[in-house]
Amino acid sequence: MGYPSLFRSEEMSLVQLYIPTEVAHDTISELGVMGNFQFKDLNGEVNAFQRSFVGEIRRLDEMERRLRLFQNQITSTSPPIGITPLSASVPFTSVGPRAAQAFDDLDVKLAEHEQRMGQINQSWETLGKRQRELEEAKCVLRETAGFFNQADNRQIEIRGSFDDADGSAPLLENAAEYGSLPGESGFQGVDLDFVAGTIERSRMPVFERILWRILRGNLYMNYSEIEEPFVDPTTNKETHKDVFIIFAHGAELLAKIRKVADSMGGTLYPIDSSADKRNESLREVTSRLEDINSVLFQTGQTRRVELGKIAENLMTWKDAVAKEKAIYQTMNLLSYDAKKKTLAAEGWCPTRDISSSQQALRRATETAGTTVPPILSELRTHQTPPTFHRTNKFTEGFQTIIDSYGIATYQEVNPGLFTCITFPFLFAVMFGDLGHGMIATMAAIAMITFERKLAKAGLGEIFETFFFGRYIILLMGMFSMYTGLIYNDIFAKSLHIWQSGWEWPQGANGTVSAISTGTTYAFGLDPAWHGADNALVFTNSYKMKMSIILGVIHMTFAICLQVPNHLKFKKYINIWCEFIPQILFMQSIFGYLVICVIYKWSLDWSQQANSPPGLLNMLIYMFLSPGTVDPATQLYSGQGFVQVFLLLLALVCVPWMLCVKPYLLYREHQKIKGQGYQGVGDAPRLSTSQDMADEEDGNGHAVAEEQEDDHPFEMGDVIIHQVIHTIEFCLGCISNTASYLRLWALSLAHAQLSEVLYNMTLEGAFGMTGVTGVAFTVVMFALWFVLTLAILCIMEGLSAFLHALRLHWVEANGKHYMAGGYAFAPLSFAHLGEEIEEQ
Amino acid sequence: MSGFLVFVLAIISLAAGAISWFLTPKGANQTLIRTSLMLTITCCYLMWAITYMAQLHPLMAPRRSDVRSGPEGL
């Protein structure tokens with residue numbers, strides 16, 4: 001049946017499989033590997049919880065949850081533990097007679113791992129909490145020691161100053177001999193008790209204010225910041241804390257302080273006022289901290305080893321579990337027969353892949369180790385099959401452009417095939433610049449050369465989009481180089497390759513006009529126009545006409561693509577009632593305009609008697625005053641008659657499009673009605689062949705096909721549809737042709753923008769000499785280059801891309817593309833693999 | 001050179017299109033390659049022909065006010 005092509009979507013067959021229960025799992029696995037079978041849901045009336053394999057799926061969900069949990073823990077450990085990639089790890093037995101056992105083992109193993117991880121994590125957390133508490137206690141001890149020392153020193157100073165004033169220094173010396181100062185005991189004798197603890201730094205000011213208010217200022221508060229933050233090992237959150245010590249008088253006040261501290265999330269630590277005891281508890285805390293740290297380290301090591309063990313197999317397990325889940329989800333779509341011996345499956349498969357599917361079934365039987373093979377049979381059906389375009393890495397991007405507009409109707413002409421060239425070409429008409437095209441081409445070539453490496457490496461979302469469209473960019477770049485040559489633009493400069501058609505007069509001053517040399521520049525725009533005062537006048541006229549010509553040709557091509565569709569779907573009536581009047585309407589107005597443009601170009605107006613006519617006016621007066629043409633602006637003799645004829649032709653086309661098809665449909669309907677064929681087909685149709693249905697009555701419902709609802713013939717609907725279609729086409733012809741003028745507008749904008757950029761940066765720099773000139777040139781070149789990339793290549797490129805997209809979606813696709821299909825979505829492990837990688 | 005070049009290249013393009021139609025090797029991508037080559041030839045020819053014809057019988061001459069003396073004063 002030939003090779004697959006993008007011209008039409010693949011021919012699909014509705015296929016029925018009878019699978020013995022013991023082979024079912026492996027068969028579906030094999031079909032998933034092939035990835036070309038879309039299963040239909042045969043249990044549509046059964047809700048998700050009543051299906052046969054809910055239990056298995058729930059178990060796999062649980063396994064998936066555990067694997068996700070492990071992965072989160074593995075990725076959040078620092079230093080990171082490497083997860084062995086899927087390709088490097090030991091394969092998992094997911095098919096064959098031992099698969100079920102393997103999954104049972106895996107389930108048990110994962111549960112064990114989870115339990116062990118749970119224990120380790122719990123002790124890790126408790127230890128961590130304990131460690132933090134000890135750390136805080138240590139800080140509190142250290143800081144409070146600081147407060148006490150300060151307080152002592154101050155007293156000594158105060159006393160010292162008193163003594164100095166008295167001039168009785170010896171007393172101090174005596175006191176030193178006694179070993180203790182009377183004042184010190186006095187200080188403690190006042191019974192100024194205190195509370196010490198830690199609190200979060202952000203709460204400190206509030207805490208202070210509340211205490212001040214509650215105690216009415218009867219307190220002495222001191223605090224200092226702990227420099228290192230405390231890190232929560234499970235959440236990795238850092239908290240900064242302050243140590244505070246509050247002196248107050250009386251048990252009641254102290255109790256109040258404790259309550260406030262508790263409510264504010266502070267932690268209190270018992271601190272003794274005597275320095276010896278403080279030192280002792282500091283020593284104790286330090287030694288306990290050391291113990292805890294070593295235990296914590298050990299636990300951390302065990303945790304790492306455990307996670308490392310899991311990481312080795314994580315990807316294999318994830319892959320196996322995801323596939324298994326997909327298999328059971330698919331098996332839920334199948335229907336059981338009464339005896340639970342066989343499963344019946346129904347689904348879509350590309351017709352050319354049926355034989356390879358049959359081989360897959362045989363392979364599955366071998367893997368499962370049974371002798372009863374699944375039976376595959378093709379069904380005849382009236383259902384619409386899904387649309388499946390076989391794309392490769394080159395066509396994938398272009399097909400996506402079309403698919404985003406709409407999925408093609410089954411076996412309809414696919415505009416994706418033509419988009420491969422017309423899209424980059426229309427883009428290039430707007431983006432024409434040899435230099436910018438070269439940059440785009442080189443970027444695309446780089447992406448294509450390092451395709452494999454880049455595909456593996458995780459890229460940002462934005463870059464991935466560009467990477468996906470690398471072949472589009474390649475063609476866009478190459479066509480831009482071509483159109484750049486035609487426009488004679490390379491980074492806003494021009495090339496002078498062929499013999500110019502113009503010569504500048506010698507020795508002239510002031511405004512001069514070039515003199516024609518009688519030749520025409522052989523390829524592209526004459527460089528003499530570059531920098532000319534009236535360059536825009538010429539390029540505008542040239543690019544505008546070019547846009548119209550290209551637009552009319554593109555739309556005519558799109559209208560012509562209707563014909564293969566009408567032939568394929570045997571709707572010959574549409575050729576006579578839609579295609580022909582449409583193409584005549586289009587050509588009699590805009591085709592005529594294009595011919596006039598070309599004819600006007602082909603005449604040497606210096607030899608003609610009359611002056612060249614404005615073609616736009618000509619077209620307008622063709623409608624306003626048909627039949628009369630001003631002899632002064634006549635393009636050719638007999639113009640009036642031709643224009644009246646074309647106008648009448650266009651006018652005739654409107655009722656032709658409007659009435660003929662509904663009338664013919666009506667007559668056909670009357671004929672059928674007259675023959676008495678109405679109402680047949682109310683009995684349910686079985687898609688399977690009759691003998692099969694007789695044989696296996698039990699699973700008849702699996703095969704029963706939804707009744708194709710034949711819309712009753714409604715004359716009103718047909719007429720309304722045709723009126724809308726006709727109006728849309730006739731008005732669309734005019735507005736769509738005008739829409740192609742965006743080709744002119746964008747290419748003009750691109751050329752002007754690059755010229756302005758060049759004039760503003762590099763041109764000024766090239767005039768300068770000396771060291772400053774060199775430095776200025778370097779700076780300006782950098783600026784020019786960066787702006788060229790950012791604005792002219794990327795921004796302008798995106799805008800030209802969008803406009804090319806619109807021209808394809810609206811102007812071209814609107815003429816022929818029905819886009820009423822639905823995409824083929826086969827069970828495919830390859831897609832599943834991509835999703836796992838992304839997670 | 002004159003307008004004949006447009007016809008000469010049209011014939012050459014048609015010939016190139018015919019060659020690409022018949023010489024595309026059979027295979028999975030035959031339709032794609034064939035269509036792409038023929039569309040490319042058509043697009044490139046159209047673009048060139050339009051540009052060439054637009055300059056064939058110019059209605060105006062380039063004009064500039066900053067000419068330095070000499071024909072190569074561009």
# chains A, B, ... in the order shown; residues from 1 in each chain; ligands from 1
>>> interface_residues(of="chain B", to="chain A", cutoff="7 Å", atoms="only C-alpha atoms", output="PyMOL selection string")
chain B and resi 1+27-29+31-32+36+39-40+48+50-57+61-67+69-71
>>> write_last_selection(atoms="N, CA and C atoms", output="PDB file, in the first residue's frame")
ATOM      1  N   MET B   1      19.638  42.182 -21.887  1.00  0.00           N
ATOM      2  CA  MET B   1      18.695  41.227 -21.276  1.00  0.00           C
ATOM      3  C   MET B   1      17.317  41.872 -21.189  1.00  0.00           C
ATOM      4  N   GLY B  27      10.708   5.878  -0.993  1.00  0.00           N
ATOM      5  CA  GLY B  27      10.973   5.674   0.430  1.00  0.00           C
ATOM      6  C   GLY B  27       9.901   6.344   1.242  1.00  0.00           C
ATOM      7  N   ALA B  28      10.094   6.299   2.529  1.00  0.00           N
ATOM      8  CA  ALA B  28       9.072   6.817   3.428  1.00  0.00           C
ATOM      9  C   ALA B  28       8.866   8.316   3.241  1.00  0.00           C
ATOM     10  N   ASN B  29       9.924   9.016   2.807  1.00  0.00           N
ATOM     11  CA  ASN B  29       9.821  10.472   2.740  1.00  0.00           C
ATOM     12  C   ASN B  29       9.678  10.990   1.321  1.00  0.00           C
ATOM     13  N   THR B  31       7.129  11.601  -0.696  1.00  0.00           N
ATOM     14  CA  THR B  31       6.156  12.676  -0.895  1.00  0.00           C
ATOM     15  C   THR B  31       6.656  13.970  -0.298  1.00  0.00           C
ATOM     16  N   LEU B  32       7.224  13.870   0.889  1.00  0.00           N
ATOM     17  CA  LEU B  32       7.708  15.067   1.580  1.00  0.00           C
ATOM     18  C   LEU B  32       8.808  15.742   0.778  1.00  0.00           C
ATOM     19  N   SER B  36       8.431  19.306  -1.060  1.00  0.00           N
ATOM     20  CA  SER B  36       9.275  20.378  -0.554  1.00  0.00           C
ATOM     21  C   SER B  36      10.125  20.963  -1.666  1.00  0.00           C
ATOM     22  N   LEU B  39       7.917  22.971  -4.121  1.00  0.00           N
ATOM     23  CA  LEU B  39       7.448  24.229  -3.530  1.00  0.00           C
ATOM     24  C   LEU B  39       8.600  25.215  -3.389  1.00  0.00           C
ATOM     25  N   THR B  40       9.775  24.708  -3.007  1.00  0.00           N
ATOM     26  CA  THR B  40      10.931  25.593  -2.863  1.00  0.00           C
ATOM     27  C   THR B  40      11.272  26.239  -4.191  1.00  0.00           C
ATOM     28  N   TRP B  48      12.074  35.745  -7.291  1.00  0.00           N
ATOM     29  CA  TRP B  48      13.047  36.341  -8.200  1.00  0.00           C
ATOM     30  C   TRP B  48      12.325  37.033  -9.350  1.00  0.00           C
ATOM     31  N   ILE B  50       9.308  38.234  -9.645  1.00  0.00           N
ATOM     32  CA  ILE B  50       8.599  39.452  -9.271  1.00  0.00           C
ATOM     33  C   ILE B  50       9.589  40.607  -9.144  1.00  0.00           C
ATOM     34  N   THR B  51      10.718  40.337  -8.469  1.00  0.00           N
ATOM     35  CA  THR B  51      11.710  41.394  -8.282  1.00  0.00           C
ATOM     36  C   THR B  51      12.297  41.842  -9.616  1.00  0.00           C
ATOM     37  N   TYR B  52      12.543  40.866 -10.489  1.00  0.00           N
ATOM     38  CA  TYR B  52      13.150  41.193 -11.779  1.00  0.00           C
ATOM     39  C   TYR B  52      12.188  42.020 -12.617  1.00  0.00           C
ATOM     40  N   MET B  53      10.947  41.561 -12.656  1.00  0.00           N
ATOM     41  CA  MET B  53       9.979  42.259 -13.502  1.00  0.00           C
ATOM     42  C   MET B  53       9.669  43.660 -12.964  1.00  0.00           C
ATOM     43  N   ALA B  54       9.709  43.819 -11.651  1.00  0.00           N
ATOM     44  CA  ALA B  54       9.429  45.130 -11.073  1.00  0.00           C
ATOM     45  C   ALA B  54      10.480  46.148 -11.511  1.00  0.00           C
ATOM     46  N   GLN B  55      11.668  45.660 -11.885  1.00  0.00           N
ATOM     47  CA  GLN B  55      12.731  46.586 -12.284  1.00  0.00           C
ATOM     48  C   GLN B  55      12.959  46.601 -13.783  1.00  0.00           C
ATOM     49  N   LEU B  56      12.136  45.830 -14.495  1.00  0.00           N
ATOM     50  CA  LEU B  56      12.380  45.675 -15.933  1.00  0.00           C
ATOM     51  C   LEU B  56      12.182  46.989 -16.675  1.00  0.00           C
ATOM     52  N   HIS B  57      11.064  47.629 -16.436  1.00  0.00           N
ATOM     53  CA  HIS B  57      10.801  48.916 -17.075  1.00  0.00           C
ATOM     54  C   HIS B  57      10.524  49.934 -15.987  1.00  0.00           C
ATOM     55  N   ALA B  61      13.618  56.786 -11.457  1.00  0.00           N
ATOM     56  CA  ALA B  61      15.037  56.512 -11.270  1.00  0.00           C
ATOM     57  C   ALA B  61      15.418  56.836  -9.829  1.00  0.00           C
ATOM     58  N   PRO B  62      16.390  56.106  -9.293  1.00  0.00           N
ATOM     59  CA  PRO B  62      16.848  56.460  -7.943  1.00  0.00           C
ATOM     60  C   PRO B  62      17.435  57.870  -7.929  1.00  0.00           C
ATOM     61  N   ARG B  63      17.181  58.568  -6.833  1.00  0.00           N
ATOM     62  CA  ARG B  63      17.580  59.970  -6.745  1.00  0.00           C
ATOM     63  C   ARG B  63      18.245  60.161  -5.403  1.00  0.00           C
ATOM     64  N   ARG B  64      19.370  60.864  -5.385  1.00  0.00           N
ATOM     65  CA  ARG B  64      19.947  61.143  -4.080  1.00  0.00           C
ATOM     66  C   ARG B  64      20.579  62.518  -4.057  1.00  0.00           C
ATOM     67  N   SER B  65      20.618  63.102  -2.880  1.00  0.00           N
ATOM     68  CA  SER B  65      21.103  64.473  -2.766  1.00  0.00           C
ATOM     69  C   SER B  65      22.503  64.522  -2.168  1.00  0.00           C
ATOM     70  N   ASP B  66      23.068  63.367  -1.795  1.00  0.00           N
ATOM     71  CA  ASP B  66      24.371  63.386  -1.130  1.00  0.00           C
ATOM     72  C   ASP B  66      25.440  62.735  -1.982  1.00  0.00           C
ATOM     73  N   VAL B  67      25.341  62.922  -3.311  1.00  0.00           N
ATOM     74  CA  VAL B  67      26.286  62.245  -4.191  1.00  0.00           C
ATOM     75  C   VAL B  67      27.632  62.951  -4.127  1.00  0.00           C
ATOM     76  N   SER B  69      31.270  63.248  -6.063  1.00  0.00           N
ATOM     77  CA  SER B  69      31.516  63.118  -7.492  1.00  0.00           C
ATOM     78  C   SER B  69      32.129  61.761  -7.789  1.00  0.00           C
ATOM     79  N   GLY B  70      31.812  61.262  -8.939  1.00  0.00           N
ATOM     80  CA  GLY B  70      32.321  59.953  -9.336  1.00  0.00           C
ATOM     81  C   GLY B  70      31.183  58.963  -9.366  1.00  0.00           C
ATOM     82  N   PRO B  71      31.256  58.058 -10.332  1.00  0.00           N
ATOM     83  CA  PRO B  71      30.163  57.104 -10.489  1.00  0.00           C
ATOM     84  C   PRO B  71      30.094  56.105  -9.329  1.00  0.00           C
TER      85      PRO B  71
END
>>> select_by_dssp(residues="stretch 4-64 of chain B", states="alpha helix (DSSP H)", output="number ranges by chain")
B: 4-23, 30-54
>>> atom_distance(atom1="atom CA of A:Ile292", atom2="atom CA of A:Leu127")
7.0 Å
>>> residues_around(residues="A:Glu143", least_positions_apart="4", cutoff="12 Å", atoms="only C-alpha atoms", output="PyMOL selection string")
chain A and resi 136-139+147-150+196-198+222-227+242-245+271+278+282
>>> residues_around(residues="A:Leu86", least_positions_apart="2", cutoff="10 Å", atoms="only C-alpha atoms", output="list of chain:residue names")
A:Ile83, A:Thr84, A:Ala88, A:Ser89, A:Val90, A:Pro91, A:Glu312, A:Asn313, A:Leu314, A:Met315, A:Thr316, A:Trp317, A:Lys318, A:Asp319, A:Gly833, A:Glu837
>>> write_last_selection(atoms="N, CA and C atoms", output="short mmCIF file (atom, residue, chain, number, x, y, z; two decimals), in the first residue's frame")
data_model
loop_
_atom_site.label_atom_id
_atom_site.label_comp_id
_atom_site.auth_asym_id
_atom_site.auth_seq_id
_atom_site.Cartn_x
_atom_site.Cartn_y
_atom_site.Cartn_z
N ILE A 83 21.07 9.89 41.26
CA ILE A 83 20.09 8.85 40.92
C ILE A 83 20.58 8.17 39.66
N THR A 84 20.73 6.86 39.70
CA THR A 84 21.21 6.14 38.53
C THR A 84 20.18 6.28 37.41
N ALA A 88 21.21 3.00 32.75
CA ALA A 88 22.35 2.37 33.39
C ALA A 88 21.96 1.38 34.47
N SER A 89 20.68 1.33 34.81
CA SER A 89 20.32 0.47 35.93
C SER A 89 19.84 -0.91 35.46
N VAL A 90 19.78 -1.81 36.43
CA VAL A 90 19.40 -3.20 36.13
C VAL A 90 17.95 -3.25 35.66
N PRO A 91 17.68 -3.92 34.53
CA PRO A 91 16.29 -3.96 34.05
C PRO A 91 15.38 -4.73 35.00
N GLU A 312 19.81 3.75 43.53
CA GLU A 312 20.34 2.89 42.47
C GLU A 312 19.22 2.36 41.57
N ASN A 313 18.09 2.02 42.18
CA ASN A 313 17.03 1.37 41.41
C ASN A 313 15.81 2.25 41.19
N LEU A 314 15.87 3.47 41.69
CA LEU A 314 14.67 4.30 41.70
C LEU A 314 14.05 4.44 40.32
N MET A 315 14.90 4.78 39.32
CA MET A 315 14.35 5.04 37.99
C MET A 315 13.74 3.77 37.39
N THR A 316 14.41 2.63 37.57
CA THR A 316 13.87 1.37 37.05
C THR A 316 12.51 1.11 37.67
N TRP A 317 12.45 1.27 38.98
CA TRP A 317 11.18 1.01 39.66
C TRP A 317 10.09 1.95 39.18
N LYS A 318 10.46 3.23 39.08
CA LYS A 318 9.46 4.21 38.64
C LYS A 318 8.93 3.85 37.26
N ASP A 319 9.87 3.51 36.38
CA ASP A 319 9.50 3.16 35.02
C ASP A 319 8.58 1.95 35.02
N GLY A 833 7.68 7.26 29.16
CA GLY A 833 9.08 7.47 29.55
C GLY A 833 9.43 8.94 29.58
N GLU A 837 10.84 11.19 32.79
CA GLU A 837 12.07 11.98 32.76
C GLU A 837 11.81 13.41 33.20
#
>>> residues_around(residues="A:Ser799", least_positions_apart="2", cutoff="12 Å", atoms="only C-alpha atoms", output="number ranges by chain")
A: 427-428, 430-431, 742-743, 745-747, 749-750, 791-797, 801-806
>>> residues_around(residues="B:Arg34", least_positions_apart="4", cutoff="10 Å", atoms="only C-alpha atoms", output="PyMOL selection string")
chain B and resi 17-25+29-30+38-40
>>> write_last_selection(atoms="C-alpha atoms", output="PDB file, in the first residue's frame")
ATOM      1  CA  GLY B  17      10.569  20.687 -10.734  1.00  0.00           C
ATOM      2  CA  ALA B  18      10.087  17.802 -13.146  1.00  0.00           C
ATOM      3  CA  ILE B  19      13.520  16.428 -12.302  1.00  0.00           C
ATOM      4  CA  SER B  20      12.786  16.598  -8.579  1.00  0.00           C
ATOM      5  CA  TRP B  21       9.472  14.855  -9.191  1.00  0.00           C
ATOM      6  CA  PHE B  22      11.009  11.951 -11.074  1.00  0.00           C
ATOM      7  CA  LEU B  23      14.359  11.623  -9.348  1.00  0.00           C
ATOM      8  CA  THR B  24      13.206  11.640  -5.726  1.00  0.00           C
ATOM      9  CA  PRO B  25      14.126   8.200  -4.424  1.00  0.00           C
ATOM     10  CA  ASN B  29       9.821  10.472   2.740  1.00  0.00           C
ATOM     11  CA  GLN B  30       9.272  10.528  -0.993  1.00  0.00           C
ATOM     12  CA  MET B  38       8.862  21.657  -5.914  1.00  0.00           C
ATOM     13  CA  LEU B  39       7.448  24.229  -3.530  1.00  0.00           C
ATOM     14  CA  THR B  40      10.931  25.593  -2.863  1.00  0.00           C
TER      15      THR B  40
END
